[in-house]
Each structure stands twice: as structure tokens, then as C-alpha cells.
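Enquirer: Let me begin by handing over the structure; questions about it come next.
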Protein chains: 6
Amino acid sequence: MPFRVHFVDEVTEVTAKKYVSQGTEIVCVHPEQVPDSIESQYDEAFAVPAVLEEVGKSEEEGYDGVLISCFGDPGLKSARELASIPVAGTAESSMVFAAALGQRFSIITILRNIVPLCYDLAQDLGISNKLVSIRDIDACVASMKDVRESGEGVKRICEEAIKAIEEDGAHAIVLGATCMTGIAPQLSKMLKEKNGYDIPVIDPVGAPARFLESLINLNLIQSKLTYMSPSPKAR
Amino acid sequence: MPFRVHFVDEVTEVTAKKYVSQGTEIVCVHPEQVPDSIESQYDEAFAVPAVLEEVGKSEEEGYDGVLISCFGDPGLKSARELASIPVAGTAESSMVFAAALGQRFSIITILRNIVPLCYDLAQDLGISNKLVSIRDIDACVASMKDVRESGEGVKRICEEAIKAIEEDGAHAIVLGATCMTGIAPQLSKMLKEKNGYDIPVIDPVGAPARFLESLINLNLIQSKLTYMSPSPKAR
Amino acid sequence: MPFRVHFVDEVTEVTAKKYVSQGTEIVCVHPEQVPDSIESQYDEAFAVPAVLEEVGKSEEEGYDGVLISCFGDPGLKSARELASIPVAGTAESSMVFAAALGQRFSIITILRNIVPLCYDLAQDLGISNKLVSIRDIDACVASMKDVRESGEGVKRICEEAIKAIEEDGAHAIVLGATCMTGIAPQLSKMLKEKNGYDIPVIDPVGAPARFLESLINLNLIQSKLTYMSPSPKAR
Amino acid sequence: MPFRVHFVDEVTEVTAKKYVSQGTEIVCVHPEQVPDSIESQYDEAFAVPAVLEEVGKSEEEGYDGVLISCFGDPGLKSARELASIPVAGTAESSMVFAAALGQRFSIITILRNIVPLCYDLAQDLGISNKLVSIRDIDACVASMKDVRESGEGVKRICEEAIKAIEEDGAHAIVLGATCMTGIAPQLSKMLKEKNGYDIPVIDPVGAPARFLESLINLNLIQSKLTYMSPSPKAR
Amino acid sequence: MPFRVHFVDEVTEVTAKKYVSQGTEIVCVHPEQVPDSIESQYDEAFAVPAVLEEVGKSEEEGYDGVLISCFGDPGLKSARELASIPVAGTAESSMVFAAALGQRFSIITILRNIVPLCYDLAQDLGISNKLVSIRDIDACVASMKDVRESGEGVKRICEEAIKAIEEDGAHAIVLGATCMTGIAPQLSKMLKEKNGYDIPVIDPVGAPARFLESLINLNLIQSKLTYMSPSPKAR
Amino acid sequence: MPFRVHFVDEVTEVTAKKYVSQGTEIVCVHPEQVPDSIESQYDEAFAVPAVLEEVGKSEEEGYDGVLISCFGDPGLKSARELASIPVAGTAESSMVFAAALGQRFSIITILRNIVPLCYDLAQDLGISNKLVSIRDIDACVASMKDVRESGEGVKRICEEAIKAIEEDGAHAIVLGATCMTGIAPQLSKMLKEKNGYDIPVIDPVGAPARFLESLINLNLIQSKLTYMSPSPKAR
């Protein structure tokens, strides 16, 4: 039951492997024809054709499912039209856990640019009423490695999480960028021990990986009434 | 990573075990002090104290999570207040998959009596906009074994599923009673081969079992801001 | 046209009698088999079976209606399934007045624990869009007598009401705990005279008592399509 | 505790008096400067100034409350700005009972022309999610006396009520025209005995009369933050 | 393609002419029988009959469309029932642009009194989810000329716009009073140059004028299923 | 005040020119690197990069605005991030008129495949509550020329429009495919004369063209808080 994960750097690969069940093989691919980072809907537009090509290959090569591992869920809908294997998105799969575990949640992401997009994704999933705020730490993807390794990243995310809880009424936190993967345990501990907030913190690689694995196990794919197969034509 | 499933008869035990990952142990318990079947909110009221007692025991005995395996999610909120291990509900966990995989879905349940309750549960989860209808096959729990074994059950459920798709616009089906577990593959096949509808059919035991397993793996529990721990007192 | 009120201490009995029409007899009952106070959904779970027993008795003994006098509306849905006489809830009946008299309202309750439950009740009634906030004064039921009698209670509630108006945009206040009954006139006067806010303050015993009385007069009971009668079985 | 009811013909006067508490005096007024009937928003526009004049007089003459007894609630918002006594509307007060007693309801009114207006009123009250349909019997106000007395009226309303239940999923019925007052018991009986539907049927004079009476008893008026007093000026 | 604009003072006439296409003739009328200013729903009630008379005349005299140029859209629905030429409202047409150009917007109006009305208008248009706040500068219509000419007006509106952006999350601003017409370019420049906010600021005369002009060009009038023609009768 | 329209075949070019104001120059461009037709989100994905290139050129060459003339609004959000001139979408601009002119509307489109996408676009605009149904005539883009010229197209669209009105409660119709442009007058006449339905029928080229023209005249562009400019990087 192997599945292929797109768009991963070294960090997401490491955490992805930590979270899946024993026996599940993860094969990571980073398409070449994509922007250096995905920080806007404009960036997404240029990434999507390459993502779709990879999704097509995954199915041809016999993979059991695909995760589009980027928080903006670039190309998710198109990929679901294309594929006959389950395709999971990062934001969608992460928000599913938040919606089930608390009455209201917030997303903490990297840049203000993608805040409107995150809201659209919550609306597509149908749970925008539960999303009380989307906050950002004002860091671009390129700077995140430094931010993360210096410990500064977790600190800033924690500050925003506390504001989300105290000012916006959040009861759960979704880490809204794949480059934030791996810090959930540490953030969770900080919120609990320092501030007394015992709430779910959703990892944006782990949660989607487990969600996709569940789809494969349950033999579930996206609805072909929502995501009808595209007819053949010159493209 | 064993977990304990409540409220299961022989059918749900069998399917539950089919769906979980290798290595996960499922221990089923059927509390004695509960109504013969749960077919109304009134029935639920009398089942809940016994459910809570079992949830409490699960945690004491070191289990990693609990599934309240009954589609009305009886006692889910109270159990989540009580426990420090993840508690999953049947309806909630099933609807999560439907919401993620299609734009709109329907629930097919057994009796008209629990239709309003199902709607409330969708509202609690925050996805009632995606729930286009709740249909029933007019069969009580007691009759379901016969209905299921005679093949009549799947036929009736299939008829309602087709109405849900054609009249209500459903793009996915949630089987809304744990006694319907195990028929998803057959129903799915019927809808696809006879009617051309290639859509997700969510098993009400398998999907929650996988969802709970994911929570355990991801080290996630219900938000303690939504489900605050009850203070000690005489009860 | 007598009706029976559940769950009342000496305070609620006194105010209940003040608000009903002449000729209406109120008989108060406090079931023995319930937790010392209802401050969580967990507490509710243990109170509900006794509540239902009392509701059943009310109908057998010829009462014309029942009020479940506790702001969490414990057992309201089950009781409505059971009974063929009108059953009113405290939160539901109070919010009805707030929704009709202003564009937005807030609930001031005692403890943070029941805030998520209050939101669920607003959602069940269908008016959650009008509920702008739920605030609490951080006092348990047990301490409320002291808080109330020292005058501290009204002061704290008033502070939260002002925040609800100025920060959250509330145009009406629902007192969200039956132990707050009787202070509406005083609070109303404080808000008007000191702060110039001339807004409805809903008493959580008076409003429900009048609402139930209206149901009885209008010969209205809960819909038996929403609250279908439970079938007979061993419970 | 007398209150004054506007816009009533002989039928509504009779039923209004039946429903209020003993001791409550009802004084009916039919302003002269209004259209022959209110069957559109255009008709309402010409009725409103006279309604407001009557509301102003009610307060000056010491009445305790006013009911604008016409299902379109003409001038309700303006009247609430003007008055310092409680002003109740017909549609609003009727829908309040429907929302509290069932999960979904329908309005049966006389003419298609006022259907969009009824929807707006439900939206103002905040409960449009619970309003599943608005049906009409295609009869103008002028013809209603005949329609009612011939028994044809109840028959036609019953037909629409059954469609509302069976096709639209209604669990309660609001009679959406004051000229339908008085038939609730008969309609209720027909639905129950012939069709087995035991649901609330809300009388559009009785329910508002009781609701206003409750406001007076509870010493509640409309929020002066939603309905701020108009400043003095030439009008 | 001339059209007639109601309720305009010298300011709105000047800006209206600036915004329409070449060749479009605007004829302004200020009905005599209306309150000195429209600052409440009560004021509106007295203005509406005169507005409707003017709308009727517009159609008789062969005009191609009518704009009710007052931000409360007084009589809009009735006028649409009456007329067979397109009738546009000020608030409605302004909000249409805001909804299309940004994810969330705020209205800045003159007085707190009309805030609830503005919300109702957004709800009627169906976009209340996008309206994050309605703020006011606490100035009556009579004082606006001074406020505007002293430059104080733009300054105060700018302050509120900044709060709308920073505190409420607005991405666009609707100027919510016709007496604010003409300042959009200046306000827009201030927000961009001083604060870096490059967002749409909607002029409450220009936007509706262009919207009406578009309706005329596209040969579109209001739906006669929503706004059915009133039947003839004594009014 | 010239503006450039993308994605037009001979039909849309003809109608676009009919609807705009005198003096407005329309320059049509059909990018070469796009799929033969846009009939799925998958097709859109491959069209978007070329659309964005054209939008970029439009701005460089000094055009005043851009219309993405394809009903799925492909690349609208990305284009708005990129450009500093107003960018209008086809579906969005068309729905704006429908929302303003009636209480509820339907979209009639060509193929079932794009129905879910149309719903997403309504949700993005914030008016999905007013969209009662999306119907299709089951014709691909390639066949539309024949369908249109044989008169069969209008007939089929008319049949669906009548169902939208009578079964779904639509009060206005949006023609949901640019290849349907030009038939609005004929369809409108058929609905009125044969069926008595006098409702707005929105042309998917004319309405957006006028809307964009209004944006240019009003000096309005998309909010740069919703559509933040992408940072420079390798793409």
C-alpha cells in the first residue's frame, strides 16, 4: 500500500514517514517545472500543470493514492477529475481533523498572501463557519528553514496561536504550511504547559498522510459526480 | 496501539477488524445497562450513563482511544469532556470523509425517528450545508439482521441512494447505521455498474475506526477548550 | 392551567411565580437522582434519566406542560419525544425573545465550561447567526448564592454585558444560568442609567415560564415529526 | 395590562380575544388611511404612515404594547424605533413558535406576491435556515371570507400543508395571513386524523397576541440599539 | 438613454454626472413630501410614498430607469413591484462592486442609527457573509456639508476605514451615505499612500449610476417573480 | 477607454461589441496555448498559464482592463494578483446582476462536468444562498455552434429555464457558458410570452463587459488585500 507524496522537501519527507502506518511506503517527488515556492495563487497557477502530470504518472505506475503536499492544495480539484485513485489535499485533510475535534479553529500560516486562499479552501470543504481566523507569522518559504532551526519559528507560531485562542476564540490550531511540519508536538506542549491550553495542533504533513492512508484502506476515492472525468481533447 | 470499540454486535466487530491497520487490536464491549437498540434520542438518554462508564474504564485500563460505535454518537460530547484519550463518534467520523470527497452527500439511515438527530450531528460538525438529504429505509434495528441477510437490505438502501443522487443531488453516501456495516463494497458496485454512479460510500464502522486510529497515531485528542474537564462533584 | 417546573431552587421558584399569569399554578420539583449542579455536558448526561422520569410523571398526573428549568436544556429533545404535552427548554425559550427583539445578542453565563453547549443550543434553534458572543463570569453554581447576595454577581454580569455590547456588538442580553433569575430588572436599569444602553435583558426563568404558558394557551406542542414518539422496548 | 391590536377585521378580533389571558383587554383599531388590503410591498408602503400614527397614539394613550396585526409586518421596524412600548409583529411572532417547536417549518400564505417578503422576514428574524418553503393558496384577501366560510379555504390550506410536509420536509406550519386566523385547530385535526401528522399549526393572531402579552409581562421592549429612536425633524 | 435620479442634492448631482457614460442624461428630482433627511427607518417610512410617486412618474414620462439615490434604499422593493423599468438602489448597487472585488468589506456610514438597516440590506442582497463591519462617523446629514468641506469628513472616514481594515479585516470600503459621494479618490489615495492599503473604495452615487446604466444597456429589469406587480385597488 | 477581452470566438466578439458603450474599443485575443475547449477544472488548469501571460501583456500594452471571457473564470484569482488594472470574470460578473435583480436564480450551463465549479464560484462571490440550482443542457462546446444555429439550443435552454423556475424556484436565469451569448433576448421573450415569466436573463458576455466597463469608469480595481501582488521569483 505505497503512496506517492508530491512537493516535499527534506523536512516533510522525514515527518511524512513518521506518521504513516508500518508497511506503507512513501515515495516523494518534487516536480522540476514548478515555482521555487508556492506563496500566492499566481504561483499555484504555474505549479498545477506539473502537479497534474505527476498525478497522472502516479496512477499509471500503480500507486494507490496521491497527496498534494502543499497547503494551498494546488490542482486538487483538477487532479481529482483526472485520477481514479484517491487524491488528498493538505489543507483539506488538515482541516477535517480540526473540525472534528473542536468547535472552532484557526490556521497559522506563513504569509498574509495566502490567507484569502485558505479561507476559500475552508469554504470548499464546507466548514468555514468553524474557522475563526487565519493568522500568519510573516515569513516567506525561503526563510522558513532558518526561522525553524533557530527556534524563532515555533516561538512566533506560538504567539499567533495564543492570540488565535484568546482573541479569536480558537479551540484548535492547524499549522497552515507544509514547512511547519514536525513542530506540532513542541507547540502543543508549549500551549499546554505555559498557557494551560490543551488543544489539538494539526500537523500539515502527518494529518494528510494519515487521511490519505485511510482513504486507501477504506477503498474510497473522490466522488466522480463532483469530479467528473475530463473528456479527451487536445490540451 | 490497541483501542476499544463500544456498542458492537457481531457484524460490526467483524468489519471493524477488517478496516484497521495491522497491529491494532480492537476490543469490543457491549454495555449491559443500555436499551435493546438506539432508535431515538430518548433511547440515547438511557444509554449514555453506561457509555460514559465504559469510556472511563477504557482510559483507566490504558486503552489509547475509544470509538462510540452507534450512529447517533450517544454521549460523544460528555465522553470527550471526561476522557484524556481521543474519543471518536460514528456519525461525525463518517461525515468527515463524505465532506472531503464530494460537494454534497446524503445519509441513508434505518428509521425516520433519527433523521432530525442526524441533521443535528451534521450541524455540530459544521458541514450541514453539504448534507443534502437524510433518507431512511423504514426498518428497525431488530429487523435489520433479516433485512441484511435476505439481500433485501442492500436493495432498499440502493433504491434510496439512487433517489438521493437523482432527486437530492448527493455526490456521496454515508451509511447511517452501524448495522449497515460491511455492505459498502456491494452498494458501491451496484451504483457504479447498474447506474454509472462512481461515488464514495462510507462504511459507518470502517471509516470511524480508521479515523480514530489516525487520531491516536497523530497524537491528537479532542480540544479541551471545547470539551472542558468536568469538575469533581457528587453525581 | 397549572404546569410543573423542574430543577428549581428557592430562587427560581420565587421568580417563576412572579412572571406567570394569574391562575397558573406552578409546581416545582427537584429530582433527587441528579448531580449537585449542572456545569458540563457530562453533568447533564447523569441528570437526564431523572429528568425524563419527571417529565413522564408530569404527563401522567395531568399537568399541562413542563419546563426543564436549567440553561443547558438537559434532556429537552428526549423529553419532547416522550411527552404529548408541551415541553419547553430554558435556553431555547430565552433566546427566542432575544432573537425577536434585537439584531444581535449575547449570552452571559456562569462558567466557561458550558459556552460550547450554549452555542450548540443556539444552532439547534436556528439563530446562531444572531448570537455574537457567549461570555461567562467564572463562578460555579455553588458559589452563585453568595455572589448574588453580595451584589458582586450583578456587578460582574454587568461588566460582561457592557463588553458584550461594546466589543461584540450585542443588542440584547440573555442571562445564561437559571441561578441568575431575578436580576434582570436591576441589570437592565444599570445598563440604561449608567451606560445609556436601553436593551432587553432576558430572565432565564421568567421568559421560559411565559413561553410555556403561551404554548399551553395556544394548544401547541412540539412537532411529532421532529420529535417522534419512541417505540416501546426494554430500556 | 390592556394592549391595542392594529389592522384587525371582525375575524381577527374574535380570535385575538380568545387567546389572551384573562384580564388582558384588547382594543382593535383599523386605520382609515390604508389600502383596502395588504397584498404586496407596494401596498405596505402606503399603509405604513397610518400604522405609525396609530402606534404613536397607542403609546400616548397609555397602552402597554402594540401588535401590528398583518402578516407582512408592515412598519414593524419603524414602529419599534418610534415607540417606547413593546411592538410585536405578526410574522415574526408566529415564526418564533415554529422555530422553537420543530426542526423545519413552512408558511402557507394567500398569494404568491408576498412570498419573497415572507422570506425576508424570516431572514430578519435569523431563522431562514429553518424555513423550508412558503406556499400559497392563490386567493386574494377580498375573496378569503368566502373561501373561509365555504370550507374551501381550510381544504386548500390543508392540501398545501400536506405538500409542505411531504415534498418540502416541513415539521410545523405557520398560517401566513391574518385572515386565516381561527382555523388552526381544524387544520391541526385534519392533518393528524387523516394523515397522521401531529405537528404545530401556528395561528397568526393568537401566537402574536400571546407573544406580545409575554413581552409586556416580562417588561421587555425591542432593543434600542437595533431600533434607535429617530431624532426630531420635519417629516 | 437618459435616466432619472431621485433624492439628490447639489453634491450628488455633480458626481452622478461625472460617472455616467457620454450621452446619458441624468435628471435629478428631489420630492417635496419627504423628511428633511433620511436617518432612520422611521424617516424612510415617510419618504417612501413620495418616492413611489416619482418612480411612477419616471416610467410614465418615458425614462429608461430610476435610481433611488439614498443609502437606505427606501422603497426599493415597492418601487420594483410598481415599475416596468429598471429600478436600482444605492446600497445594493454599491455592495455589488465590493462583493465582486474583495473577500470581505466594510461600510462606513454617517450615523449609528442606520447600521442595523445596512446589515438588513446586505442580507437582502445575499452577501452578508462578506460584510465584516459597519462603522459610522457619528455625523448627521445636516452637518455633513460642513464636515465635508472642512476636510474633517474625509479624515474621520479615513480613520474608520483604517479600523475596518486592521480590526475587522475589511478588504474594500463602501461609502455608506450619498452625502459622502465624491471623496472616494481622495480616500483611496490616503489609504494607499499613507497606509499602504490598495483597496477599492466604492462611491455611493457613481457605482449605482453605472450599475443602473448597465441594466438599461443590457435590457435587464428586476425579476417580476420576486417583485410581482401589485393588483389594482384603492390605496 | 479600450479594453481587451480574452477567449472569444466569433460569436462572443460580436455580442461583446453590441453591449459596451460607444467609444469603448474591444480587442479580442484567443491565446494559442490553451485546450480546444474549457469543460472541466482539468481543462482550466492547462489554460491558466496562457491566460496569465495575456493578462500580463494587456497591462504592459496599456489596456485599461481585462475580461477573462470563459464561464469558469479560469485564472481569475491569479490574474487579479498579477495585474494592477481591473480584471473581471465571466461567472462572477454575471451572477452579480442576478443577485441584485431577484431573490433566487439558476444557472443554465452546457455540461454537467462544470456544475460543481459553478457552485464554487457562487460561493467565492458570497451569494451561494441565492443560487437555487445549476442545470445543464448536456451539450459540449464543440457541438454548441450547431445546437445554437439549428434553434435547438435555445429550445433546450428554455426547457431547463422553465424547470429552474417551476421546480427550483428561480427568479432569474444566468446563461452559464460564453457560447450561449446573444440568445438572452430571444429566451427572455419565450419565457415571457409563452409562460408568463418576466424575469432577467443574464448574457454571459454582455453583463461582464458592462461590469468591467463600470469598474474602469469608477476607477476601481480588485482589492490588493484579497489579491496581494506575488513576490518576484523563478516560476
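Naming scheme: A, B, ... for chains in displayed order of the C-alpha cells; residues 1 onward per chain; ligands 1 onward as shown.
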Sorted by chain and rising residue number, list the residues of chain B at most 12 Å from chain F (counting only C-alpha atoms), each with its closest atom pair and distance in Å to one decimal, as JSON lines.

Expert:
{"residue": "B:Gly102", "atom": "CA", "partner": "F:Pro116", "partner_atom": "CA", "distance": 9.4}
{"residue": "B:Gln103", "atom": "CA", "partner": "F:Pro116", "partner_atom": "CA", "distance": 7.1}
{"residue": "B:Arg104", "atom": "CA", "partner": "F:Pro116", "partner_atom": "CA", "distance": 9.5}
{"residue": "B:Asn129", "atom": "CA", "partner": "F:Asn129", "partner_atom": "CA", "distance": 10.1}
{"residue": "B:Lys130", "atom": "CA", "partner": "F:Tyr119", "partner_atom": "CA", "distance": 11.8}
{"residue": "B:Glu167", "atom": "CA", "partner": "F:Glu167", "partner_atom": "CA", "distance": 11.4}
{"residue": "B:Asp168", "atom": "CA", "partner": "F:Ser133", "partner_atom": "CA", "distance": 11.2}
{"residue": "B:Gly169", "atom": "CA", "partner": "F:Ser133", "partner_atom": "CA", "distance": 10.1}
{"residue": "B:Ala170", "atom": "CA", "partner": "F:Pro116", "partner_atom": "CA", "distance": 11.7}
{"residue": "B:His171", "atom": "CA", "partner": "F:Pro116", "partner_atom": "CA", "distance": 10.2}

Enquirer: Quick one: residues within 8 Å of Val55 (chain F), only C-alpha atoms, excluding same-chain residues fewer than 5 positions away - as a list of chain:residue names?

Expert: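 Those residues are F:Val66, F:Ala79, F:Ala83.
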
Enquirer: With only C-alpha atoms as the basis for distance, which of D:Pro35, D:Gly89, D:Gly196, D:Gly206 is at the shortest distance from Pro232 (chain E)?

Expert: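 Smallest separation from Pro232 (chain E) among the options: D:Pro35.
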
Enquirer: Skip Phe3 (chain A) itself and residues of its chain fewer than 2 positions away, then list as a ChimeraX atom specification all residues within 8 Å of it, counting only C-alpha atoms.

Expert: /A:1,5,24-27,63-67

Enquirer: Any chance you can output those residues with N, CA, C and O atoms as a compact mmCIF listing (two decimals), in the first residue's frame?

Expert:
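part.txt, freshly written:
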# COMPACT_ATOMS: atom_id res chain seq x y z
N MET A 1 0.82 -1.21 0.00
CA MET A 1 0.00 0.00 0.00
C MET A 1 0.86 1.26 0.00
O MET A 1 0.74 2.11 0.88
N VAL A 5 3.95 11.08 -2.48
CA VAL A 5 3.72 12.43 -1.96
C VAL A 5 4.41 13.47 -2.82
O VAL A 5 5.61 13.36 -3.08
N THR A 24 3.46 1.02 4.97
CA THR A 24 3.16 2.00 3.93
C THR A 24 4.45 2.62 3.43
O THR A 24 5.23 3.14 4.22
N GLU A 25 4.64 2.55 2.16
CA GLU A 25 5.85 3.12 1.56
C GLU A 25 5.52 4.49 0.99
O GLU A 25 4.51 4.66 0.31
N ILE A 26 6.33 5.46 1.28
CA ILE A 26 6.10 6.80 0.75
C ILE A 26 7.20 7.12 -0.25
O ILE A 26 8.38 6.99 0.05
N VAL A 27 6.78 7.52 -1.43
CA VAL A 27 7.76 7.91 -2.44
C VAL A 27 7.56 9.40 -2.72
O VAL A 27 6.48 9.81 -3.17
N TYR A 63 0.54 3.42 -8.24
CA TYR A 63 0.44 3.88 -6.85
C TYR A 63 -1.01 3.84 -6.39
O TYR A 63 -1.94 3.88 -7.21
N ASP A 64 -1.21 3.79 -5.09
CA ASP A 64 -2.55 3.62 -4.56
C ASP A 64 -3.24 4.93 -4.19
O ASP A 64 -4.44 4.93 -3.89
N GLY A 65 -2.45 5.98 -4.17
CA GLY A 65 -3.05 7.26 -3.80
C GLY A 65 -2.01 8.35 -3.93
O GLY A 65 -0.81 8.06 -4.01
N VAL A 66 -2.46 9.59 -3.95
CA VAL A 66 -1.54 10.71 -4.09
C VAL A 66 -1.90 11.78 -3.08
O VAL A 66 -3.07 12.08 -2.88
N LEU A 67 -0.89 12.37 -2.50
CA LEU A 67 -1.10 13.53 -1.64
C LEU A 67 -0.46 14.74 -2.31
O LEU A 67 0.73 14.69 -2.67

Enquirer: If you run DSSP over the backbone, which residues in chain E end up alpha helix (DSSP H)? Put them as an MDAnalysis selection string.

Expert: chainID E and resid 10:19 41:60 76:82 90:101 115:125 141:149 152:168 184:195 206:217

Enquirer: Find the residues around region 208-219 of chain A up to 7 Å (only C-alpha atoms counted), leave out those fewer than 2 positions away in its own chain, and share them as a list of chain:residue names.

Expert: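 Residues meeting the cut-off are A:Ala16, A:Tyr19, A:Val20, A:Asp64, A:Gly65, A:Leu67, A:Pro86, A:Ala88, A:Gly89, A:Thr90, A:Ser93, A:Ser94, A:Pro204, A:Val205, A:Gly206, A:Ile221, B:Tyr19, B:Gly206, B:Ala207, B:Arg210, B:Ser214.
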
Enquirer: Just to be explicit: take each residue in the selection above, keep all heavy atoms, and write the result as a CSV table (one decimal), in the first residue's frame.

Expert:
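Generated file (out.csv):
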chain,number,residue,atom,x,y,z
A,16,ALA,N,6.6,12.9,7.1
A,16,ALA,CA,5.6,12.0,6.5
A,16,ALA,C,5.8,10.6,6.9
A,16,ALA,O,4.9,9.8,7.2
A,16,ALA,CB,5.6,12.2,5.0
A,19,TYR,N,4.6,9.4,10.4
A,19,TYR,CA,3.2,9.4,10.7
A,19,TYR,C,2.5,8.2,10.1
A,19,TYR,O,1.4,7.8,10.6
A,19,TYR,CB,2.5,10.7,10.4
A,19,TYR,CG,2.8,11.8,11.3
A,19,TYR,CD1,3.5,13.0,11.0
A,19,TYR,CD2,2.4,11.7,12.7
A,19,TYR,CE1,3.8,14.0,11.9
A,19,TYR,CE2,2.6,12.7,13.6
A,19,TYR,CZ,3.3,13.9,13.2
A,19,TYR,OH,3.6,14.9,14.1
A,20,VAL,N,2.9,7.7,9.0
A,20,VAL,CA,2.1,6.6,8.4
A,20,VAL,C,2.3,5.3,9.1
A,20,VAL,O,3.2,5.1,9.9
A,20,VAL,CB,2.5,6.5,6.9
A,20,VAL,CG1,2.1,7.7,6.1
A,20,VAL,CG2,4.0,6.2,6.7
A,64,ASP,N,-1.2,3.8,-5.1
A,64,ASP,CA,-2.6,3.6,-4.6
A,64,ASP,C,-3.2,4.9,-4.2
A,64,ASP,O,-4.4,4.9,-3.9
A,64,ASP,CB,-2.5,2.7,-3.3
A,64,ASP,CG,-2.1,1.3,-3.7
A,64,ASP,OD1,-2.7,0.7,-4.6
A,64,ASP,OD2,-1.1,0.9,-3.1
A,65,GLY,N,-2.5,6.0,-4.2
A,65,GLY,CA,-3.1,7.3,-3.8
A,65,GLY,C,-2.0,8.3,-3.9
A,65,GLY,O,-0.8,8.1,-4.0
A,67,LEU,N,-0.9,12.4,-2.5
A,67,LEU,CA,-1.1,13.5,-1.6
A,67,LEU,C,-0.5,14.7,-2.3
A,67,LEU,O,0.7,14.7,-2.7
A,67,LEU,CB,-0.4,13.3,-0.3
A,67,LEU,CG,-0.4,14.5,0.7
A,67,LEU,CD1,-1.9,14.9,1.0
A,67,LEU,CD2,0.3,14.2,2.0
A,86,PRO,N,-7.4,7.7,-5.1
A,86,PRO,CA,-7.7,8.8,-4.2
A,86,PRO,C,-6.6,9.9,-4.2
A,86,PRO,O,-5.4,9.6,-4.2
A,86,PRO,CB,-7.8,8.2,-2.9
A,86,PRO,CG,-7.2,6.8,-3.0
A,86,PRO,CD,-7.3,6.4,-4.4
A,88,ALA,N,-5.6,13.3,-2.1
A,88,ALA,CA,-5.9,14.1,-0.9
A,88,ALA,C,-5.1,15.4,-1.0
A,88,ALA,O,-4.1,15.5,-1.6
A,88,ALA,CB,-5.4,13.3,0.3
A,89,GLY,N,-5.7,16.4,-0.3
A,89,GLY,CA,-5.1,17.7,-0.3
A,89,GLY,C,-4.6,18.0,1.1
A,89,GLY,O,-5.0,17.4,2.1
A,90,THR,N,-3.7,18.9,1.3
A,90,THR,CA,-3.1,19.2,2.5
A,90,THR,C,-4.0,20.0,3.4
A,90,THR,O,-4.2,19.6,4.6
A,90,THR,CB,-1.7,19.9,2.3
A,90,THR,OG1,-0.9,19.1,1.6
A,90,THR,CG2,-1.1,20.3,3.6
A,93,SER,N,-7.4,18.0,4.2
A,93,SER,CA,-7.2,16.9,5.1
A,93,SER,C,-6.9,17.4,6.6
A,93,SER,O,-7.3,16.8,7.5
A,93,SER,CB,-6.1,15.9,4.7
A,93,SER,OG,-6.3,15.5,3.4
A,94,SER,N,-6.1,18.5,6.6
A,94,SER,CA,-5.8,19.0,8.0
A,94,SER,C,-7.0,19.6,8.7
A,94,SER,O,-7.3,19.4,9.9
A,94,SER,CB,-4.7,20.1,7.9
A,94,SER,OG,-3.6,19.6,7.3
A,204,PRO,N,0.6,19.5,9.2
A,204,PRO,CA,0.1,19.6,7.8
A,204,PRO,C,0.7,18.6,6.9
A,204,PRO,O,0.4,18.6,5.7
A,204,PRO,CB,0.6,21.0,7.4
A,204,PRO,CG,1.8,21.3,8.2
A,204,PRO,CD,1.6,20.6,9.5
A,205,VAL,N,1.5,17.7,7.4
A,205,VAL,CA,2.0,16.6,6.6
A,205,VAL,C,1.5,15.3,7.2
A,205,VAL,O,0.9,14.4,6.5
A,205,VAL,CB,3.6,16.5,6.5
A,205,VAL,CG1,4.0,15.2,5.9
A,205,VAL,CG2,4.1,17.7,5.8
A,206,GLY,N,1.6,15.2,8.5
A,206,GLY,CA,1.1,13.9,9.2
A,206,GLY,C,-0.4,13.7,9.0
A,206,GLY,O,-0.8,12.6,8.7
A,221,ILE,N,-12.5,6.7,-3.1
A,221,ILE,CA,-11.9,7.8,-3.9
A,221,ILE,C,-12.9,9.0,-3.9
A,221,ILE,O,-14.1,8.9,-3.5
A,221,ILE,CB,-11.5,7.3,-5.3
A,221,ILE,CG1,-12.8,7.1,-6.1
A,221,ILE,CG2,-10.6,6.1,-5.3
A,221,ILE,CD1,-12.5,7.3,-7.6
B,19,TYR,N,-10.9,-3.3,8.8
B,19,TYR,CA,-10.5,-2.0,8.3
B,19,TYR,C,-9.3,-1.4,9.0
B,19,TYR,O,-8.6,-0.5,8.5
B,19,TYR,CB,-11.7,-1.0,8.4
B,19,TYR,CG,-12.7,-1.2,7.3
B,19,TYR,CD1,-14.0,-1.5,7.6
B,19,TYR,CD2,-12.4,-0.9,6.0
B,19,TYR,CE1,-15.0,-1.7,6.7
B,19,TYR,CE2,-13.4,-1.1,5.0
B,19,TYR,CZ,-14.7,-1.5,5.3
B,19,TYR,OH,-15.6,-1.6,4.4
B,206,GLY,N,-16.0,1.1,9.5
B,206,GLY,CA,-14.7,1.2,9.0
B,206,GLY,C,-14.1,2.7,9.0
B,206,GLY,O,-13.0,2.9,9.5
B,207,ALA,N,-14.9,3.6,8.5
B,207,ALA,CA,-14.4,5.0,8.5
B,207,ALA,C,-14.1,5.5,9.9
B,207,ALA,O,-13.0,6.1,10.1
B,207,ALA,CB,-15.4,5.9,7.8
B,210,ARG,N,-10.9,3.9,11.3
B,210,ARG,CA,-9.7,4.4,10.7
B,210,ARG,C,-9.4,5.9,11.2
B,210,ARG,O,-8.3,6.3,11.4
B,210,ARG,CB,-9.8,4.5,9.2
B,210,ARG,CG,-9.8,3.2,8.4
B,210,ARG,CD,-8.5,2.4,8.5
B,210,ARG,NE,-7.3,3.2,8.2
B,210,ARG,CZ,-6.1,2.6,8.1
B,210,ARG,NH1,-5.9,1.3,8.2
B,210,ARG,NH2,-5.0,3.4,7.8
B,214,SER,N,-6.2,7.2,13.2
B,214,SER,CA,-5.4,8.3,12.8
B,214,SER,C,-5.2,9.3,14.0
B,214,SER,O,-4.1,9.8,14.2
B,214,SER,CB,-6.1,9.0,11.7
B,214,SER,OG,-6.1,8.2,10.5

Enquirer: So how far away is CA of Ile38 (chain E) from CA of Gln186 (chain E), in Å?

Expert: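 Calculated distance between CA of Gln186 (chain E) and CA of Ile38 (chain E) is 25.5 Å.
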
Enquirer: Using CA of Ile108 (chain A) and CA of Asp9 (chain A) as the two end points, give the distance in Å to one decimal.

Expert: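 Distance between the two atoms: 19.9 Å.
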